[in-house]
file input_13.csv (CSV, C-alpha atoms and all ligand atoms)
chain,number,residue,atom,x,y,z
A,1,MET,CA,-13.0,-39.9,-3.6
A,2,ARG,CA,-10.6,-38.9,-6.4
A,3,ARG,CA,-7.1,-37.8,-5.4
A,4,LEU,CA,-5.3,-35.6,-7.9
A,5,LEU,CA,-1.7,-36.3,-8.7
A,6,LEU,CA,0.0,-33.2,-7.6
A,7,ILE,CA,3.1,-34.7,-6.2
A,8,ALA,CA,5.6,-33.9,-9.0
A,9,VAL,CA,7.7,-31.4,-7.1
A,10,PRO,CA,7.5,-32.5,-3.5
A,11,LEU,CA,6.6,-29.5,-1.4
A,12,ALA,CA,8.6,-26.9,-3.2
A,13,ILE,CA,6.9,-24.5,-0.8
A,14,ALA,CA,8.6,-26.1,2.1
A,15,ALA,CA,11.9,-24.6,1.1
A,16,ALA,CA,10.3,-21.3,0.8
A,17,VAL,CA,8.6,-21.7,4.1
A,18,PHE,CA,11.5,-22.8,6.2
A,19,GLY,CA,14.5,-21.9,4.1
A,20,ALA,CA,15.0,-18.5,5.6
A,21,SER,CA,17.6,-18.0,8.2
A,22,ARG,CA,15.3,-16.4,10.7
A,23,SER,CA,16.3,-12.9,11.7
A,24,SER,CA,16.4,-12.2,15.4
A,25,GLY,CA,15.9,-8.6,14.5
A,26,SER,CA,18.8,-6.2,14.2
A,27,ASP,CA,19.6,-3.3,16.4
A,28,SER,CA,21.1,-1.3,13.5
A,29,ALA,CA,19.0,0.9,11.3
A,30,ASP,CA,21.8,1.2,8.8
A,31,ASP,CA,22.3,-2.4,7.8
A,32,THR,CA,20.3,-2.2,4.6
A,33,GLY,CA,20.8,1.4,3.6
A,34,THR,CA,18.1,3.1,1.7
A,35,GLY,CA,18.1,1.2,-1.5
A,36,VAL,CA,14.9,-0.6,-2.5
A,37,ILE,CA,14.8,-4.2,-1.4
A,38,THR,CA,13.1,-6.4,-3.9
A,39,PHE,CA,12.0,-10.0,-3.6
A,40,PRO,CA,9.5,-12.3,-5.4
A,41,LEU,CA,5.9,-12.5,-4.1
A,42,SER,CA,3.6,-15.3,-5.1
A,43,LEU,CA,-0.1,-15.3,-4.5
A,44,TYR,CA,-2.6,-18.1,-4.9
A,45,VAL,CA,-6.3,-18.4,-5.2
A,46,VAL,CA,-6.9,-21.6,-3.3
A,47,HIS,CA,-9.5,-24.1,-4.8
A,48,GLU,CA,-10.2,-27.5,-3.4
A,49,ALA,CA,-9.2,-30.2,-5.9
A,50,ASP,CA,-12.2,-32.4,-5.3
A,51,ASP,CA,-15.1,-30.3,-6.4
A,52,THR,CA,-17.5,-33.2,-6.6
A,53,ASN,CA,-18.0,-33.5,-2.9
A,54,GLY,CA,-20.8,-31.2,-1.9
A,55,THR,CA,-20.1,-27.7,-0.6
A,56,SER,CA,-17.2,-26.0,-2.3
A,57,LEU,CA,-14.4,-24.9,0.0
A,58,SER,CA,-12.8,-22.9,-2.8
A,59,SER,CA,-12.1,-19.2,-2.6
A,60,GLN,CA,-14.4,-17.1,-4.7
A,61,ARG,CA,-11.7,-14.6,-5.6
A,62,THR,CA,-10.4,-14.2,-9.2
A,63,GLU,CA,-6.7,-14.0,-10.2
A,64,GLU,CA,-7.4,-10.5,-11.5
A,65,GLY,CA,-8.8,-9.5,-8.1
A,66,VAL,CA,-5.7,-10.8,-6.4
A,67,ARG,CA,-3.4,-9.0,-8.9
A,68,SER,CA,-5.2,-5.8,-8.0
A,69,ILE,CA,-4.6,-6.5,-4.3
A,70,ALA,CA,-0.9,-7.1,-5.0
A,71,ALA,CA,-0.6,-3.8,-6.7
A,72,ARG,CA,-2.0,-2.0,-3.6
A,73,VAL,CA,0.1,-4.1,-1.3
A,74,GLY,CA,3.1,-2.9,-3.3
A,75,ASP,CA,2.1,0.7,-2.7
A,76,ILE,CA,1.8,0.2,1.0
A,77,TRP,CA,5.2,-1.4,1.4
A,78,SER,CA,6.9,1.0,-0.9
A,79,VAL,CA,6.9,3.4,2.0
A,80,ALA,CA,9.6,1.1,3.6
A,81,GLY,CA,11.5,0.8,0.4
A,82,ILE,CA,10.4,-2.8,0.0
A,83,SER,CA,9.3,-3.9,-3.5
A,84,PHE,CA,7.8,-7.2,-4.8
A,85,ASP,CA,9.1,-8.4,-8.1
A,86,PRO,CA,8.2,-10.6,-9.8
A,87,VAL,CA,4.6,-10.9,-8.5
A,88,THR,CA,2.9,-14.1,-9.7
A,89,VAL,CA,-0.7,-15.0,-9.3
A,90,HIS,CA,-1.9,-18.6,-9.7
A,91,THR,CA,-5.0,-20.6,-8.9
A,92,ILE,CA,-3.9,-23.7,-7.0
A,93,GLU,CA,-5.9,-26.8,-6.3
A,94,LEU,CA,-5.3,-28.4,-2.9
A,95,PRO,CA,-6.7,-31.6,-1.5
A,96,ARG,CA,-10.0,-31.0,0.2
A,97,ASP,CA,-8.8,-32.1,3.7
A,98,ILE,CA,-5.9,-29.6,3.6
A,99,VAL,CA,-8.2,-26.8,2.4
A,100,ALA,CA,-10.6,-27.7,5.2
A,101,ASP,CA,-7.8,-27.5,7.8
A,102,LEU,CA,-6.7,-24.1,6.4
A,103,ILE,CA,-10.1,-22.5,6.4
A,104,SER,CA,-10.5,-23.6,10.0
A,105,GLY,CA,-7.3,-21.7,10.7
A,106,ASP,CA,-5.0,-24.7,11.0
A,107,ALA,CA,-2.0,-24.7,8.6
A,108,GLY,CA,-0.4,-27.8,10.1
A,109,SER,CA,-1.3,-30.2,7.4
A,110,PHE,CA,-0.4,-27.6,4.7
A,111,LEU,CA,3.0,-27.0,6.1
A,112,ASP,CA,3.9,-30.6,7.1
A,113,GLY,CA,2.8,-31.9,3.7
A,114,ASP,CA,1.2,-34.9,5.3
A,115,GLY,CA,-1.6,-36.3,3.2
A,116,PRO,CA,-1.2,-36.4,-0.6
A,117,GLY,CA,1.1,-33.5,-1.0
A,118,PHE,CA,0.8,-30.8,-3.6
A,119,THR,CA,2.8,-28.7,-6.0
A,120,VAL,CA,3.1,-24.9,-5.6
A,121,PRO,CA,3.9,-23.3,-8.9
A,122,GLU,CA,6.5,-20.6,-8.9
A,123,PRO,CA,6.9,-20.2,-5.2
A,124,GLY,CA,8.1,-16.7,-4.2
A,125,ALA,CA,10.1,-15.5,-1.2
A,126,ILE,CA,6.8,-14.8,0.4
A,127,ASN,CA,3.7,-16.8,-0.6
A,128,GLY,CA,0.1,-15.7,0.1
A,129,PHE,CA,-2.9,-17.9,-0.1
A,130,TYR,CA,-6.4,-16.6,-0.5
A,131,LEU,CA,-9.0,-18.8,1.1
A,132,ALA,CA,-12.8,-18.9,1.4
A,133,PHE,CA,-12.3,-18.5,5.2
A,134,ALA,CA,-9.3,-18.2,7.5
A,135,GLY,CA,-10.5,-19.6,10.8
A,136,GLY,CA,-12.8,-16.6,11.5
A,137,ALA,CA,-9.9,-14.1,11.2
A,138,ASN,CA,-9.2,-11.8,8.3
A,139,GLY,CA,-5.9,-13.6,7.8
A,140,PHE,CA,-3.1,-15.4,9.6
A,141,THR,CA,0.5,-16.1,9.4
A,142,PRO,CA,2.1,-19.2,11.0
A,143,ARG,CA,4.9,-18.1,13.2
A,144,GLY,CA,8.3,-18.5,11.6
A,145,SER,CA,6.9,-19.1,8.2
A,146,ARG,CA,6.9,-17.0,5.0
A,147,VAL,CA,3.4,-18.0,4.1
A,148,PHE,CA,0.2,-16.1,4.9
A,149,PHE,CA,-3.5,-16.8,4.5
A,150,VAL,CA,-6.3,-14.3,3.8
A,151,ALA,CA,-10.0,-14.9,3.9
A,152,ASP,CA,-12.4,-13.9,1.1
A,153,GLU,CA,-14.5,-11.7,3.4
A,154,SER,CA,-12.6,-9.5,5.7
A,155,SER,CA,-13.6,-6.7,8.1
A,156,VAL,CA,-10.9,-4.4,6.7
A,157,HIS,CA,-9.5,-3.6,3.3
A,158,ASP,CA,-8.1,-6.6,1.4
A,159,GLU,CA,-4.8,-4.9,0.7
A,160,ARG,CA,-4.5,-4.1,4.4
A,161,VAL,CA,-5.0,-7.7,5.5
A,162,SER,CA,-2.3,-9.0,3.1
A,163,SER,CA,0.1,-6.1,3.9
A,164,HIS,CA,-0.4,-6.7,7.7
A,165,GLU,CA,0.4,-10.4,7.3
A,166,ILE,CA,3.5,-9.6,5.3
A,167,GLY,CA,4.4,-7.3,8.2
A,168,HIS,CA,4.3,-10.4,10.5
A,169,ILE,CA,6.5,-12.3,8.1
A,170,LEU,CA,9.0,-9.4,8.3
A,171,SER,CA,9.1,-9.9,12.1
A,172,LEU,CA,6.7,-7.1,13.0
A,173,GLU,CA,4.6,-7.5,16.1
A,174,HIS,CA,1.2,-6.1,16.8
A,175,ALA,CA,1.0,-2.4,17.6
A,176,LEU,CA,-1.2,-1.8,20.6
A,177,ASP,CA,-1.6,1.9,20.9
A,178,ASP,CA,-2.3,3.4,17.5
A,179,GLN,CA,-5.1,2.4,15.1
A,180,SER,CA,-3.5,4.3,12.2
A,181,ARG,CA,-0.6,1.7,12.1
A,182,LEU,CA,-0.5,-1.2,9.8
A,183,MET,CA,0.3,-3.6,12.6
A,184,PHE,CA,-2.6,-2.6,14.8
A,185,SER,CA,-5.0,-5.5,14.6
A,186,GLY,CA,-8.4,-5.2,12.9
A,187,THR,CA,-8.3,-1.6,11.5
A,188,ASN,CA,-7.5,0.0,8.1
A,189,GLY,CA,-4.4,1.7,9.4
A,190,MET,CA,-1.5,1.6,7.0
A,191,GLY,CA,1.3,3.5,8.9
A,192,LEU,CA,4.7,2.1,9.6
A,193,THR,CA,7.0,3.6,12.2
A,194,ASP,CA,10.7,4.2,11.5
A,195,ALA,CA,11.5,1.3,13.9
A,196,GLU,CA,9.2,-1.0,12.0
A,197,ILE,CA,10.6,0.0,8.7
A,198,SER,CA,14.1,-0.7,10.0
A,199,ILE,CA,13.2,-4.2,11.3
A,200,ALA,CA,11.2,-5.1,8.2
A,201,ARG,CA,14.1,-4.0,5.9
A,202,ASP,CA,16.6,-6.0,7.9
A,203,VAL,CA,14.5,-9.2,7.6
A,204,ALA,CA,13.6,-8.5,4.0
A,205,ALA,CA,17.2,-8.1,3.0
A,206,GLY,CA,18.0,-11.5,4.4
A,207,ILE,CA,15.3,-13.3,2.5
A,208,PRO,CA,16.7,-15.7,-0.1
A,209,GLY,CA,16.2,-14.1,-3.5
A,210,ALA,CA,16.1,-10.6,-2.2
A,211,THR,CA,18.1,-7.9,-3.9
A,212,THR,CA,18.9,-4.5,-2.7
A,213,ALA,CA,19.2,-1.7,-5.3
A,214,SER,CA,22.1,0.5,-4.6
A,215,GLY,CA,20.1,3.5,-5.8
A,216,SER,CA,22.7,5.5,-7.5
A,217,GLU,CA,24.0,2.6,-9.5
A,218,SER,CA,20.7,0.9,-10.4
A,219,ASP,CA,19.2,1.4,-13.8
A,220,ASP,CA,15.8,1.1,-12.2
A,221,GLY,CA,16.8,3.0,-9.1
A,222,VAL,CA,13.6,5.1,-8.9
A,223,LEU,CA,12.3,5.1,-5.4
A,224,ARG,CA,8.5,5.2,-5.3
A,225,LEU,CA,6.9,6.3,-2.1
A,226,ALA,CA,3.2,6.0,-1.5
A,227,ASN,CA,1.3,8.8,0.2
A,228,GLN,CA,0.7,8.0,3.9
A,229,GLY,CA,-3.0,7.3,3.5
A,230,GLY,CA,-3.6,8.0,7.1
A,231,SER,CA,-4.8,10.7,9.5
A,232,ASP,CA,-2.3,13.3,8.3
A,233,GLU,CA,-4.1,13.6,5.0
A,234,GLY,CA,-7.4,14.7,3.7
A,235,HIS,CA,-9.3,17.8,2.5
A,236,THR,CA,-10.3,21.1,4.1
A,237,PRO,CA,-12.5,23.9,2.7
A,238,ARG,CA,-11.6,27.5,2.8
A,239,GLY,CA,-12.6,29.9,5.5
A,240,PHE,CA,-14.5,27.7,7.9
A,241,ALA,CA,-13.8,24.6,10.0
A,242,GLY,CA,-14.4,21.4,8.1
A,243,MET,CA,-12.3,18.5,7.1
A,244,GLY,CA,-12.6,15.0,5.7
A,245,THR,CA,-10.5,12.0,4.7
A,246,GLY,CA,-11.3,12.1,1.0
A,247,LEU,CA,-8.8,13.7,-1.4
A,248,PHE,CA,-10.5,16.6,-3.2
A,249,ALA,CA,-9.5,19.9,-4.7
A,250,GLY,CA,-12.0,22.4,-6.2
A,251,ASP,CA,-15.2,24.2,-5.4
A,252,ASP,CA,-18.7,23.4,-4.4
A,253,LEU,CA,-17.8,20.1,-2.8
A,254,ASN,CA,-20.9,20.3,-0.6
A,255,PRO,CA,-24.0,22.3,-1.4
A,256,ASN,CA,-24.2,23.3,2.3
A,257,PHE,CA,-20.7,24.8,2.2
A,258,PRO,CA,-20.5,28.6,1.7
A,259,ASP,CA,-19.6,29.8,-1.8
A,260,GLY,CA,-16.0,29.7,-2.6
A,261,ASP,CA,-15.3,26.7,-0.4
A,262,GLY,CA,-12.1,26.2,-2.4
A,263,VAL,CA,-11.4,22.7,-1.1
A,264,GLN,CA,-7.7,21.8,-0.8
A,265,THR,CA,-6.0,18.4,-0.4
A,266,PHE,CA,-3.1,17.8,2.0
A,267,LEU,CA,-0.7,14.9,1.5
A,268,THR,CA,2.1,13.4,3.6
A,269,PHE,CA,4.9,11.1,2.4
A,270,ALA,CA,7.4,9.5,4.9
A,271,LEU,CA,11.0,10.0,3.7
A,272,PRO,CA,13.3,7.0,4.4
A,273,PRO,CA,16.4,7.9,6.5
A,274,ASP,CA,19.7,8.7,4.8
A,275,LEU,CA,18.0,9.6,1.5
A,276,GLY,CA,20.2,11.2,-1.2
A,277,ASP,CA,19.0,14.1,-3.2
A,278,PRO,CA,16.9,13.0,-6.2
A,279,THR,CA,17.7,14.5,-9.5
A,280,VAL,CA,13.9,14.7,-10.2
A,281,ALA,CA,11.0,14.2,-7.8
A,282,LEU,CA,7.5,13.7,-9.3
A,283,LEU,CA,4.3,13.8,-7.4
A,284,THR,CA,2.0,11.6,-9.5
A,285,SER,CA,-1.5,10.0,-9.4
A,286,ASP,CA,-3.4,7.8,-11.7
A,287,SER,CA,-6.6,8.0,-9.6
A,288,LEU,CA,-7.9,11.3,-10.8
A,289,GLU,CA,-11.7,11.6,-11.3
A,290,VAL,CA,-13.0,15.0,-12.5
A,291,SER,CA,-16.4,16.4,-11.6
A,292,GLY,CA,-17.5,19.4,-13.6
A,293,THR,CA,-14.8,21.5,-15.3
A,294,PRO,CA,-12.3,22.5,-12.6
A,295,PHE,CA,-9.3,22.7,-14.9
A,296,ASP,CA,-11.1,25.1,-17.2
A,297,ASP,CA,-12.8,27.2,-14.6
A,298,LEU,CA,-10.4,27.4,-11.7
A,299,GLY,CA,-7.0,27.6,-13.4
A,300,PRO,CA,-4.2,25.0,-13.0
A,301,LEU,CA,-4.1,22.6,-10.2
A,302,ARG,CA,-0.9,23.3,-8.2
A,303,ALA,CA,1.2,21.4,-5.7
A,304,GLU,CA,2.7,23.5,-2.9
A,305,SER,CA,5.2,22.4,-0.4
A,306,VAL,CA,3.8,22.8,3.1
A,307,SER,CA,4.7,21.7,6.6
A,308,TYR,CA,2.3,20.8,9.4
A,309,VAL,CA,2.2,18.5,12.4
A,310,ASP,CA,-1.5,17.6,12.6
A,311,PHE,CA,-3.9,17.6,9.8
A,312,GLY,CA,-7.0,19.4,10.8
A,313,PRO,CA,-9.9,21.7,9.9
A,314,ASP,CA,-8.0,24.9,10.4
A,315,LEU,CA,-5.0,24.0,8.3
A,316,PHE,CA,-6.3,25.9,5.3
A,317,ASP,CA,-6.1,29.2,7.1
A,318,GLU,CA,-3.0,28.5,9.1
A,319,ILE,CA,-0.6,27.8,6.3
A,320,PRO,CA,0.4,30.8,4.1
A,321,ASP,CA,0.3,30.4,0.4
A,322,GLY,CA,3.8,29.6,-1.0
A,323,VAL,CA,5.4,28.8,-4.2
A,324,ALA,CA,3.2,26.2,-6.0
A,325,VAL,CA,4.2,24.3,-9.1
A,326,GLU,CA,1.7,23.7,-11.8
A,327,CYS,CA,0.6,20.0,-12.3
A,328,SER,CA,-0.1,18.5,-15.6
A,329,ARG,CA,-2.9,16.1,-16.5
A,330,VAL,CA,-1.8,12.8,-18.1
A,331,GLY,CA,-4.6,11.1,-19.9
A,332,GLU,CA,-8.0,11.0,-18.3
A,333,HIS,CA,-7.0,9.9,-14.8
A,334,GLY,CA,-3.4,10.9,-14.5
A,335,LEU,CA,-1.7,13.8,-12.8
A,336,THR,CA,2.0,14.7,-12.5
A,337,CYS,CA,3.7,17.5,-10.7
A,338,ASP,CA,7.4,18.3,-10.6
A,339,VAL,CA,8.1,18.8,-7.0
A,340,THR,CA,11.9,18.4,-7.1
A,341,ASP,CA,12.8,21.7,-5.5
A,342,ALA,CA,10.4,21.1,-2.6
A,343,VAL,CA,11.6,17.5,-1.9
A,344,VAL,CA,15.3,18.4,-2.2
A,345,ALA,CA,14.7,21.2,0.3
A,346,ASP,CA,12.9,18.9,2.7
A,347,ILE,CA,15.7,16.3,2.5
A,348,SER,CA,18.4,18.9,3.1
A,349,ASN,CA,16.5,20.1,6.1
A,350,GLY,CA,16.6,16.6,7.5
A,351,GLN,CA,12.8,16.2,7.5
A,352,ASP,CA,11.4,12.7,7.9
A,353,VAL,CA,8.3,13.7,5.9
A,354,THR,CA,7.6,15.8,2.8
A,355,GLN,CA,4.1,17.3,2.6
A,356,PHE,CA,2.0,19.0,-0.1
A,357,ARG,CA,-1.1,21.0,-0.5
A,358,LEU,CA,-3.0,20.6,-3.8
A,359,ARG,CA,-5.2,23.5,-4.8
A,360,PHE,CA,-6.5,25.2,-7.8
A,361,ASP,CA,-5.6,28.9,-8.5
A,362,ALA,CA,-9.1,30.0,-7.8
A,363,ALA,CA,-11.2,29.0,-4.9
A,364,ASP,CA,-14.5,29.6,-6.7
A,365,ASP,CA,-15.8,30.4,-10.2
A,366,GLY,CA,-19.2,31.6,-9.0
A,367,ASP,CA,-21.1,29.3,-11.3
A,368,GLY,CA,-22.7,27.4,-8.5
A,369,ALA,CA,-21.8,24.1,-10.0
A,370,GLN,CA,-19.4,21.5,-8.6
A,371,ASP,CA,-15.9,21.6,-10.1
A,372,LEU,CA,-13.7,19.0,-8.4
A,373,ALA,CA,-10.6,17.0,-8.9
A,374,ALA,CA,-11.0,13.9,-6.7
A,375,PHE,CA,-8.5,11.1,-6.1
A,376,PHE,CA,-9.9,7.7,-5.1
A,377,ASP,CA,-10.4,4.1,-6.1
A,378,SER,CA,-14.0,3.2,-5.3
A,379,ASP,CA,-15.3,5.4,-2.4
A,380,PRO,CA,-14.4,9.1,-2.9
A,381,ASN,CA,-14.7,9.7,0.9
A,382,THR,CA,-11.8,7.4,1.7
A,383,ASN,CA,-8.1,7.8,1.4
A,384,ARG,CA,-5.4,5.2,1.2
A,385,PRO,CA,-1.7,4.9,0.5
A,386,GLY,CA,-0.8,4.8,-3.2
A,387,LEU,CA,-3.5,7.1,-4.5
A,388,PHE,CA,-0.4,9.4,-4.9
A,389,THR,CA,3.1,8.3,-5.6
A,390,LEU,CA,6.3,10.3,-5.0
A,391,GLU,CA,8.8,9.2,-7.6
A,392,LEU,CA,12.4,10.0,-6.7
A,393,PHE,CA,14.8,9.6,-9.6
A,394,PRO,CA,18.5,8.9,-8.7
B,1,ZN,ZN,-1.8,-9.6,13.0
call {"tool": "encode", "arguments": {"input": "input_13.csv", "output": "structure tokens"}}
result
Amino acid sequence: MRRLLLIAVPLAIAAAVFGASRSSGSDSADDTGTGVITFPLSLYVVHEADDTNGTSLSSQRTEEGVRSIAARVGDIWSVAGISFDPVTVHTIELPRDIVADLISGDAGSFLDGDGPGFTVPEPGAINGFYLAFAGGANGFTPRGSRVFFVADESSVHDERVSSHEIGHILSLEHALDDQSRLMFSGTNGMGLTDAEISIARDVAAGIPGATTASGSESDDGVLRLANQGGSDEGHTPRGFAGMGTGLFAGDDLNPNFPDGDGVQTFLTFALPPDLGDPTVALLTSDSLEVSGTPFDDLGPLRAESVSYVDFGPDLFDEIPDGVAVECSRVGEHGLTCDVTDAVVADISNGQDVTQFRLRFDAADDGDGAQDLAAFFDSDPNTNRPGLFTLELFP
């Protein structure tokens, strides 16, 4: 059996794994302020080095696929004011016996570096390894380490597995009572509580290589918040009880709906504590898919500041129409709405969320044809954090 010579930099990863001063968790929510905390994230597609020995233990993922996961992970963690930069993606060849241990869920030989050893290119502050299997789990994180492992096939969204494991690295424990939370095991929940955000930020700020933007002084002090992507968002039609998790605005969403269904989308963004007033706040998306000709037939798409506790089928009729700013299309899939006034008002009111309704001027154009603006990645009937971004400029 051939052994590859991969020993040049002995276990650079070990420093990244064990170099952190472990946080015991802080009792102060104010330690890290509200500036965006940035640290490097390195991701690896794990191949086995000895590919001549029968069944391949290599991950079937591509670097492009992992880059796409990284972008969505960044959206999810942006809610906590945590940002990953630079993000590197490499394919790494590890000795077959170490890969075999890893895919059985045992990271001991990987972390100890017994066996032939290996080099990890460009180790980040947190290092994620994508494996063919992960011991029957979607992913796992060895306690006290800053490495995580993710299986090729998972029962929940890929970005959710990686984001959940990063949560463990940032000292978050499993949530037991709420499936909409990122730290609930085995669901697609993405939500983070204020307490979790506080803990994760405290740990993140202590990671070697982490920088905290001071916001007002930073050239790149734009705070980007992802939409919640959870149960407080979705669409409702006009005039009758109905709702769904997909993000649509327009008419004739469903041929069984009455005419003039005038579907509206509701969005929720968590606002970090102690946020200063932004000079400009933009509600943006690059996930717009148009069906029919809604922008021609129904007038402009507008974003309106709203306030609700629970998203539900009656929301359409409960919330009165208010001032709604006109959104602009940017290219084929982009949308941007200047919601500065609404966000500044919500911040000055001390709200911990800012919420919007997206709707066209007209609920119906009477042509019997579907005219929709939909916001999604692959499945239009799903929602997730990051389909919309709220950009707060200092
Ligand atoms: Zn977990």
call {"tool": "closest_residue", "arguments": {"input": "input_13.csv", "among": "A:Thr119, A:Phe266, A:Gln179, A:Ile69", "to": "His157 in chain A", "atoms": "only C-alpha atoms"}}
result
A:Ile69
call {"tool": "closest_residue", "arguments": {"input": "input_13.csv", "among": "A:Ala249, A:Leu283, A:Pro313, A:Gly366", "to": "Val325 in chain A", "atoms": "all atoms listed in the file"}}
result
A:Leu283
call {"tool": "residues_near_ligand", "arguments": {"input": "input_13.csv", "ligand": "ligand ZN 1 (chain B)", "cutoff": "7 Å", "atoms": "all atoms listed in the file", "output": "compact mmCIF listing (two decimals) with C-alpha atoms, in the frame of the given file"}}
result
# COMPACT_ATOMS: atom_id res chain seq x y z
CA PHE A 140 -3.10 -15.40 9.60
CA HIS A 164 -0.40 -6.70 7.70
CA GLU A 165 0.40 -10.40 7.30
CA HIS A 168 4.30 -10.40 10.50
CA HIS A 174 1.20 -6.10 16.80
CA MET A 183 0.30 -3.60 12.60
CA SER A 185 -5.00 -5.50 14.60
call {"tool": "atom_distance", "arguments": {"input": "input_13.csv", "atom1": "CA of Leu288 in chain A", "atom2": "CA of Ser155 in chain A"}}
result
26.7 Å
call {"tool": "atom_distance", "arguments": {"input": "input_13.csv", "atom1": "CA of Leu275 in chain A", "atom2": "CA of Ile347 in chain A"}}
result
7.2 Å
call {"tool": "residues_around", "arguments": {"input": "input_13.csv", "residues": "Ile169 in chain A", "least_positions_apart": "5", "cutoff": "10 Å", "atoms": "all atoms listed in the file", "output": "tab-separated table (two decimals) with C-alpha atoms, in the frame of the given file"}}
result
chain	number	residue	atom	x	y	z
A	126	ILE	CA	6.80	-14.80	0.40
A	141	THR	CA	0.50	-16.10	9.40
A	142	PRO	CA	2.10	-19.20	11.00
A	143	ARG	CA	4.90	-18.10	13.20
A	144	GLY	CA	8.30	-18.50	11.60
A	145	SER	CA	6.90	-19.10	8.20
A	146	ARG	CA	6.90	-17.00	5.00
A	147	VAL	CA	3.40	-18.00	4.10
A	148	PHE	CA	0.20	-16.10	4.90
A	163	SER	CA	0.10	-6.10	3.90
A	164	HIS	CA	-0.40	-6.70	7.70
A	200	ALA	CA	11.20	-5.10	8.20
A	203	VAL	CA	14.50	-9.20	7.60
A	204	ALA	CA	13.60	-8.50	4.00
call {"tool": "atom_distance", "arguments": {"input": "input_13.csv", "atom1": "CA of Phe133 in chain A", "atom2": "CA of Glu63 in chain A"}}
result
17.0 Å
call {"tool": "closest_residue", "arguments": {"input": "input_13.csv", "among": "A:Ala281, A:Val99, A:Val89, A:Val79", "to": "Leu192 in chain A", "atoms": "all atoms listed in the file"}}
result
A:Val79
call {"tool": "closest_residue", "arguments": {"input": "input_13.csv", "among": "A:Ala195, A:Leu282, A:Val339, A:Ala362", "to": "Leu390 in chain A", "atoms": "only C-alpha atoms"}}
result
A:Leu282
call {"tool": "closest_residue", "arguments": {"input": "input_13.csv", "among": "A:Leu267, A:Ile319, A:Ala342, A:Val87", "to": "Asn227 in chain A", "atoms": "only C-alpha atoms"}}
result
A:Leu267
call {"tool": "closest_residue", "arguments": {"input": "input_13.csv", "among": "A:Leu358, A:Thr340, A:Arg96, A:Ser328", "to": "Arg302 in chain A", "atoms": "only C-alpha atoms"}}
result
A:Leu358
